[in-house]
Structures are given as structure tokens and as C-alpha cells.
Amino acid sequence: MKQILKFKQLLFILVFTFLASFSLLNPGLFTMHDDEQVARLYDLNQALVQGQFPPRIAPNLGFGYGYPFFNYYPSFSYYVGEAFHVFGFSYINSTKLMLAAGFFLAACFMYLFVSELLDEWAGIVAACAYTFAPYHAVDIYVRGAFAEFFAFVFIPAIFWASYKLYKSSRPIFAIPLAISVGFLILSHDLIALMCTPFIGIWLLYLLFKAENRKQFVIWCSTGFILGFGLSAFFWFPAYIERNFTLVRILTSELASYTLHFTCIHQLWSSPWGYGGSIPDCNDGLSFEIGKPQLILSLVSLIAFVVGFVKYKKKENLTIIPLLFFMLFLAMFLTTRQSKFVWDNISLLWYVQFPWRFLTICAFAASFLSGCAVFLFANKKHKTIAALGLTVIFVAFYIGDFRPERFLNVSDKYYTDINKIRWDTSSLSYEYVPAGVKTKISKYGTTLVDINKNEVAKEPYTVIHGSAIITNTKNVPQEKIFKTNSTSSLTIRINTFSFPGWKVFIDGGLVKYSDSNKLKLIDVAVPAGTHTVSAVFENTTPRSLGNWASITSIIGLCGILISASYKHEKNK
């Protein structure tokens, strides 16, 4: 089958994705803006080991008070890292292997999509252009945006799977479509939101061209519904319960979209750097789409327009103006000229950074780069042209695919409990409970009003009274204590109060209070010997999301079994 990677093409992909990830061979881990990645992987591992599935509470982040990070933040990249850790790799090496896998998978899916529409060498060029898109390097080596980085994998995967469904009308391709949609949401729900209109344009294009439109609509809809269902355990409660957190600070302060538009010239050329995004045109990081990618995109469009009569008969080449429109639209949405769009679509405010549309720019420009080989090179010279272009992409941008510096450290540096509970937690706290006491920093931003000596050290604190207390269970989702006192007392369970927490005394449900500075759980315990337990249970949105995911998995299995049965029957 054409879509299966052949050895020669696979070897090319391995070579240039190895070059993109070559810096990862250095010992230790590199500096980055979002220097929480290993700590998050560590906390995901701890949550799984301690019996959470799906994980919702990170046991050490959130100043050690039971931060529901995984309930709100898309964590697919950490699951990939966890898979490597299960096989015995350190947390740091698991993180670097996850990044290398992300480069490789993104290139493979880009190759599959373009080679399916055009040919194998166009696919190789597009995959290389995608790998060496400058924003790909920014996500990893500058920002440390690993969740967004993994979204690069599933954008071309969705386009490929939906095209296979259109071309073959075989229900079996609803499975990779569903998995790609679900994993894109689990990788980065905001990128999935941003991709929605572009994917919609693509699907309308396929629908217009489809011979059996009814079948296409049925199975394409099935794929998307199952994909949404597959990821519902995450996105449904995250959306419904987001108002219980301080997430508003993401859209109203330094991460407000109004501060992060690009200037038009930056899309063509902006100096490489490891700094931050600022309101003017002198940002400390690059917003280039890629000079070779943009030139080849324009060349492909001009060639199509000039040879319209010739090329319009070739079915798949009519996609060129469509992809160029997507490229132009994504570029426009990064710039201040699109502010009126952002001002009027409040859902976009959660995207925070208009330049995140560079992910879609990279996808569209890379596809169009592959078109250039298909349009101009004959069969005899196609290999030479493809190799020449891949060398150009690598030569232009390989210097950007390295971090500012490496820290020669071990896992202990990132997984130290005290470091995670204070240093790492101080970097990101938007999912603490709404209502915690806050203060304003010298930069005018909101901070949690907490000092280092207030970080959680014990699972409980006696607020009033005295007692002999034995802690019999202490995992993020369940705390059990035995108390023995001669008078009533008040115990503070050192975990943030969120919907789902229930407190029991001797098996009976009791009310608790969270009217304290950090919204922690205070429970009054009568005199005598008692068993106090606090359990984090599923809310209705979490239960519905879980069941939707289970149902979708069953549906995917049903499609697979049905397709296998029909295949055997036809044989």
C-alpha cells in the first residue's frame, strides 16, 4: 500500500529527525521557559503509582496541596514520557525520548498525508520542511511547550486519515481518524480549537469532491464523534469545571492575546533568540515561518495558477489554492491586523498567544513545499530535487534546533519534593482554587499569597485542640486518619478544596469548611476515637467524560471487529 513507509523513505525520515533532535544526546536537560516538564512527568508517574486513573491530582505541584493539574492541562506528551519511564529510562531520558518520538511521528504523518495525495518524494520534502519549521524548534528548545509540540504530530494525521476515508469509503479509516482527533485534543486542546476551522474547510473540500457523500459524512462524523468521546474524560470536566480555578489569570494578564501579536515582517524574518514575547516587534524569540517554506509555497501557487488548465485535471493538485488560503489565514490571525477577530470571539482568548497559529502555518507551508517537487521535477530528477530541498531546509535551520544551554543534572534535581513544592509550583499555579488569597507582584500580575514556610509538609494540621493522630493512608485522592482526643478538635487536611472532595467521620458523610486563606479542607472532629477520611470522588462531568471515553473505545473496537469480519468474509 502506498501509505506504508518504505525502507528508503523511512531511512530519510530517521536521518533528518535525528538531526533535529541531535542536541538531546547531551547529558542532563536544557534550559527552557516552561521548566516544569520533568516535574510534571514525575507527578504523573506518582499519581498512577498511587492508584489514580485517569490521573487528575498532581501530588506535589500546587505547593504540595493536591493540585488538580491533570484535570485541566492536556497531558498526552507526559503519558508518552511515562511509557518510556516504564521501560526503565530515567525521567530526564524519558522526556528526551518523548521529544525525539514527537519529531519522528510528526514527520511520518506529514509524509503519509502528502505522499498519499502526491507522491513519495513530495512527502519526504514536506516531512523535512515540517520537521525544520522554525516554530517547531521554538516550541521545544526555547519555550519548552511540550504539549503544543506533540500537537504537530496529529494535525497531519487528521488530514491523512480523513483523506483515506474520503478516498476509500472504508469504515476502518474512521479508527485512525478518531484516534488522531482524540490525541490532538489530549495533546493540546487549544491547538485543537484553533485547528477546527481549518479542518472544517478541508472536510468541506473533500465532501464537495466525494462520490459517495452519504458514506463520507457518516463515517467521517463517526470518526470525529468517537475522537471527541475518546478524549472526553479530559476535555469535558476541564471545560465545565474551569471556573473553579484561577485560570482567568491566563487571559487577563501577561498571557492576554492583546500583548502577543506578531508584526508582519517577523513571519518572514525575525532573529533567533531564547527570550520572551513582548507587545512590540522586538520579541526575544523568532516567529519565522521559514524562508524556504514560504518561497516554495508561493512558487507552488504561481505554478498552479499559470498552469491551471493543465493542473486542474489532476485531482489532488486543486488542493494547492486551498492550502495556500489556510496558510494566509493562519498568518493573518497571528498579526495585529486580526485583532478585531480576537476581540469578537471570546473563546479565542484562551489561546493566549496569536502566534500559536504558526503551528498551522508550518503545516500548510510544508505541504506546499512538497508540492513544488511534484510540480517541477520529472521522475528521473525527483530524487535529486527532493534531496536538494531537504539539504536546504536542514542548512537553513539546523542551527536553531539546539537549546541555549544544557544543565548537567540528574533526575534528583527535578524530582526533589521540596523543589517541586516551591520552586516549580511557583512557576505555574493557574489551577489553584478560585478564592485563594492572592497578591499583586511588582509586575502587576496575580500571585498566590503564600510563603515558602507555608508549603505543605504534613498531610494534616491540627488547627484547634489536641489529639493523638495516626495517618493510615495518604495518597493524593484519599486521606485517612485515626484520631484519639479528650475534647473536640479541628483538623486541616492539607489539600485544596475542589468539587469532588468528600469527608467522612466513621463512615458518615460530614460537611467541611474551606473558608481559609488557601481554601484547604477544615473538618471538626468530636472527642473520642474516630476514623476521618477524605476522598476525591468523580463529579458528574468527570463521570460523564469517563463513560464517554469508555463508550468510544468500545465503539472503536466494534468498528475494528466488524471490518475484520468483512475482510475475512470477502477473502
# chains A, B, ... in the order shown; residues from 1 in each chain; ligands from 1

$ closest_atom_pairs --of "range 308-427 of chain A" --to "range 272-277 of chain A" --cutoff "12 Å" --atoms "only C-alpha atoms" --output "JSON lines"
{"residue": "A:Gln352", "atom": "CA", "partner": "A:Ser277", "partner_atom": "CA", "distance": 11.4}
{"residue": "A:Phe353", "atom": "CA", "partner": "A:Ser277", "partner_atom": "CA", "distance": 8.9}
{"residue": "A:Pro354", "atom": "CA", "partner": "A:Ser277", "partner_atom": "CA", "distance": 10.9}
{"residue": "A:Trp355", "atom": "CA", "partner": "A:Ser277", "partner_atom": "CA", "distance": 9.5}
{"residue": "A:Arg356", "atom": "CA", "partner": "A:Ser277", "partner_atom": "CA", "distance": 11.6}
{"residue": "A:Tyr397", "atom": "CA", "partner": "A:Trp272", "partner_atom": "CA", "distance": 10.0}
{"residue": "A:Ile398", "atom": "CA", "partner": "A:Trp272", "partner_atom": "CA", "distance": 11.9}
{"residue": "A:Gly399", "atom": "CA", "partner": "A:Trp272", "partner_atom": "CA", "distance": 9.6}
{"residue": "A:Asp400", "atom": "CA", "partner": "A:Trp272", "partner_atom": "CA", "distance": 7.2}
{"residue": "A:Phe401", "atom": "CA", "partner": "A:Trp272", "partner_atom": "CA", "distance": 10.6}
{"residue": "A:Arg402", "atom": "CA", "partner": "A:Tyr274", "partner_atom": "CA", "distance": 10.5}
{"residue": "A:Pro403", "atom": "CA", "partner": "A:Tyr274", "partner_atom": "CA", "distance": 8.2}
{"residue": "A:Glu404", "atom": "CA", "partner": "A:Tyr274", "partner_atom": "CA", "distance": 6.7}
{"residue": "A:Arg405", "atom": "CA", "partner": "A:Tyr274", "partner_atom": "CA", "distance": 10.2}

$ closest_residue --among "A:Pro59, A:Glu241, A:Ile319, A:Ile360" --to "Leu204 in chain A" --atoms "only C-alpha atoms"
A:Ile319

$ closest_atom_pairs --of "range 201-269 of chain A" --to "range 331-342 of chain A" --cutoff "7 Å" --atoms "only C-alpha atoms" --output "CSV"
residue,atom,partner,partner_atom,distance
A:Phe261,CA,A:Thr335,CA,5.0
A:Thr262,CA,A:Thr335,CA,4.8
A:Cys263,CA,A:Thr335,CA,5.8
A:Ile264,CA,A:Thr335,CA,6.4

$ closest_atom_pairs --of "range 68-175 of chain A" --to "range 498-513 of chain A" --cutoff "12 Å" --atoms "only C-alpha atoms" --output "CSV"
residue,atom,partner,partner_atom,distance
A:Pro68,CA,A:Phe498,CA,8.4
A:Phe69,CA,A:Phe498,CA,11.9
A:Asn71,CA,A:Phe498,CA,11.1

$ write_last_selection --atoms "N, CA, C and O atoms" --output "CSV table (one decimal), in the first residue's frame"
chain,number,residue,atom,x,y,z
A,68,PRO,N,-5.0,19.9,41.1
A,68,PRO,CA,-5.6,19.1,40.1
A,68,PRO,C,-5.2,19.4,38.7
A,68,PRO,O,-5.9,19.6,37.8
A,69,PHE,N,-3.9,19.3,38.5
A,69,PHE,CA,-3.2,19.7,37.2
A,69,PHE,C,-3.7,18.9,36.1
A,69,PHE,O,-4.1,19.4,35.0
A,71,ASN,N,-6.4,17.4,35.7
A,71,ASN,CA,-7.8,17.6,35.4
A,71,ASN,C,-8.1,18.7,34.3
A,71,ASN,O,-9.1,18.7,33.7

$ closest_residue --among "A:Ile179, A:Phe374, A:Tyr431, A:Arg248" --to "Leu117 in chain A" --atoms "only C-alpha atoms"
A:Phe374

$ closest_residue --among "A:Cys557, A:Ala524, A:Val535, A:Leu207" --to "Gln52 in chain A" --atoms "only C-alpha atoms"
A:Val535

$ closest_atom_pairs --of "range 124-238 of chain A" --to "range 537-551 of chain A" --cutoff "10 Å" --atoms "only C-alpha atoms" --output "Markdown table"
| residue | atom | partner | partner_atom | distance |
| --- | --- | --- | --- | --- |
| A:Gly182 | CA | A:Ser549 | CA | 9.6 |
| A:Leu226 | CA | A:Ser549 | CA | 8.2 |
| A:Gly227 | CA | A:Ser549 | CA | 8.8 |
| A:Phe228 | CA | A:Ser549 | CA | 8.3 |
| A:Gly229 | CA | A:Ser549 | CA | 5.0 |
| A:Leu230 | CA | A:Ser549 | CA | 4.2 |
| A:Ser231 | CA | A:Ser549 | CA | 6.2 |
| A:Ala232 | CA | A:Gly545 | CA | 4.6 |
| A:Phe233 | CA | A:Gly545 | CA | 3.9 |
| A:Phe234 | CA | A:Gly545 | CA | 6.9 |
| A:Trp235 | CA | A:Gly545 | CA | 7.8 |
| A:Phe236 | CA | A:Gly545 | CA | 5.7 |
| A:Pro237 | CA | A:Pro541 | CA | 4.9 |
| A:Ala238 | CA | A:Arg542 | CA | 8.7 |

$ closest_residue --among "A:Lys8, A:Ile240, A:Leu296, A:Ala534" --to "Trp121 in chain A" --atoms "only C-alpha atoms"
A:Lys8

$ residues_around --residues "range 134-147 of chain A" --least-positions-apart "5" --cutoff "8 Å" --atoms "only C-alpha atoms" --output "number ranges by chain"
A: 30-35, 37, 74-77, 99, 187-188, 273-275, 285-290, 358-359, 362, 397, 400-404

$ write_last_selection --atoms "N, CA, C and O atoms" --output "CSV table (one decimal), in the first residue's frame"
chain,number,residue,atom,x,y,z
A,30,PHE,N,18.0,20.7,29.1
A,30,PHE,CA,18.3,22.0,28.7
A,30,PHE,C,17.4,23.0,29.4
A,30,PHE,O,16.3,22.7,29.9
A,31,THR,N,17.8,24.3,29.4
A,31,THR,CA,17.0,25.4,30.0
A,31,THR,C,15.9,25.7,29.0
A,31,THR,O,16.0,25.6,27.8
A,32,MET,N,14.8,26.2,29.5
A,32,MET,CA,13.6,26.5,28.7
A,32,MET,C,12.7,27.4,29.5
A,32,MET,O,12.9,27.5,30.8
A,33,HIS,N,11.8,28.0,28.9
A,33,HIS,CA,10.8,28.9,29.6
A,33,HIS,C,10.0,28.1,30.6
A,33,HIS,O,9.9,28.5,31.7
A,34,ASP,N,9.4,27.1,30.1
A,34,ASP,CA,8.4,26.3,31.0
A,34,ASP,C,9.2,25.1,31.6
A,34,ASP,O,9.0,24.0,31.2
A,35,ASP,N,10.0,25.5,32.6
A,35,ASP,CA,10.9,24.4,33.1
A,35,ASP,C,10.2,23.6,34.2
A,35,ASP,O,10.7,23.5,35.4
A,37,GLN,N,8.7,20.5,33.1
A,37,GLN,CA,8.3,19.3,32.3
A,37,GLN,C,8.6,18.0,33.1
A,37,GLN,O,7.8,17.1,33.2
A,74,PRO,N,-3.8,19.5,29.2
A,74,PRO,CA,-3.6,18.3,28.3
A,74,PRO,C,-2.3,17.7,28.5
A,74,PRO,O,-1.2,18.3,28.4
A,75,SER,N,-2.3,16.4,28.8
A,75,SER,CA,-1.1,15.7,29.3
A,75,SER,C,-0.6,14.5,28.4
A,75,SER,O,0.2,13.7,28.9
A,76,PHE,N,-1.0,14.5,27.1
A,76,PHE,CA,-0.6,13.3,26.3
A,76,PHE,C,0.9,13.2,26.2
A,76,PHE,O,1.4,12.0,26.3
A,77,SER,N,1.6,14.3,26.1
A,77,SER,CA,3.1,14.1,26.0
A,77,SER,C,3.7,13.5,27.2
A,77,SER,O,4.7,12.7,27.1
A,99,LEU,N,10.5,13.6,23.2
A,99,LEU,CA,10.7,14.6,22.2
A,99,LEU,C,11.2,14.1,20.9
A,99,LEU,O,10.7,14.5,19.8
A,187,SER,N,-3.4,16.2,23.4
A,187,SER,CA,-2.0,16.8,23.3
A,187,SER,C,-2.1,18.3,23.6
A,187,SER,O,-1.3,18.8,24.4
A,188,HIS,N,-3.1,19.0,23.0
A,188,HIS,CA,-3.2,20.4,23.3
A,188,HIS,C,-4.6,20.8,22.9
A,188,HIS,O,-4.9,21.0,21.7
A,273,GLY,N,16.3,33.7,19.1
A,273,GLY,CA,16.6,34.1,20.4
A,273,GLY,C,15.9,33.2,21.4
A,273,GLY,O,15.0,32.4,21.1
A,274,TYR,N,16.3,33.3,22.7
A,274,TYR,CA,15.7,32.5,23.7
A,274,TYR,C,15.0,33.3,24.8
A,274,TYR,O,14.7,32.8,25.9
A,275,GLY,N,14.6,34.5,24.4
A,275,GLY,CA,13.8,35.4,25.2
A,275,GLY,C,12.3,35.2,25.1
A,275,GLY,O,11.9,34.1,24.7
A,285,LEU,N,12.1,35.9,20.9
A,285,LEU,CA,12.1,34.6,20.2
A,285,LEU,C,11.6,34.8,18.7
A,285,LEU,O,11.0,35.8,18.4
A,286,SER,N,11.9,33.9,17.9
A,286,SER,CA,11.7,34.0,16.5
A,286,SER,C,10.3,33.6,16.1
A,286,SER,O,9.8,32.6,16.6
A,287,PHE,N,9.6,34.3,15.2
A,287,PHE,CA,8.3,34.0,14.7
A,287,PHE,C,8.4,33.7,13.2
A,287,PHE,O,7.4,33.8,12.5
A,288,GLU,N,9.5,33.3,12.7
A,288,GLU,CA,9.6,33.0,11.3
A,288,GLU,C,8.8,31.7,10.9
A,288,GLU,O,8.8,30.8,11.7
A,289,ILE,N,8.2,31.7,9.8
A,289,ILE,CA,7.5,30.5,9.3
A,289,ILE,C,8.6,29.6,8.6
A,289,ILE,O,8.5,28.4,8.6
A,290,GLY,N,9.6,30.3,8.0
A,290,GLY,CA,10.6,29.5,7.3
A,290,GLY,C,10.7,30.1,5.9
A,290,GLY,O,9.8,30.0,5.1
A,358,LEU,N,1.2,29.8,14.3
A,358,LEU,CA,2.4,29.3,13.5
A,358,LEU,C,2.4,27.8,13.3
A,358,LEU,O,3.0,27.3,12.4
A,359,THR,N,1.8,27.1,14.2
A,359,THR,CA,1.7,25.6,14.1
A,359,THR,C,1.0,25.3,12.8
A,359,THR,O,1.5,24.4,12.0
A,362,ALA,N,3.1,26.3,9.8
A,362,ALA,CA,4.1,25.3,9.5
A,362,ALA,C,3.6,24.1,8.7
A,362,ALA,O,4.2,23.6,7.7
A,397,TYR,N,18.1,25.9,9.0
A,397,TYR,CA,17.5,26.0,10.3
A,397,TYR,C,18.1,25.0,11.4
A,397,TYR,O,17.7,25.0,12.5
A,400,ASP,N,19.1,26.3,14.7
A,400,ASP,CA,18.1,26.7,15.7
A,400,ASP,C,17.7,25.5,16.6
A,400,ASP,O,17.0,25.7,17.6
A,401,PHE,N,18.0,24.3,16.1
A,401,PHE,CA,17.5,23.1,16.8
A,401,PHE,C,18.5,22.7,17.9
A,401,PHE,O,19.0,21.6,17.9
A,402,ARG,N,18.7,23.6,18.8
A,402,ARG,CA,19.6,23.4,19.9
A,402,ARG,C,19.1,24.4,21.0
A,402,ARG,O,18.7,25.5,20.7
A,403,PRO,N,19.3,24.0,22.3
A,403,PRO,CA,18.9,24.9,23.4
A,403,PRO,C,20.0,25.9,23.6
A,403,PRO,O,21.1,25.9,23.1
A,404,GLU,N,19.6,26.9,24.5
A,404,GLU,CA,20.6,27.9,24.8
A,404,GLU,C,21.7,27.3,25.6
A,404,GLU,O,22.9,27.6,25.4
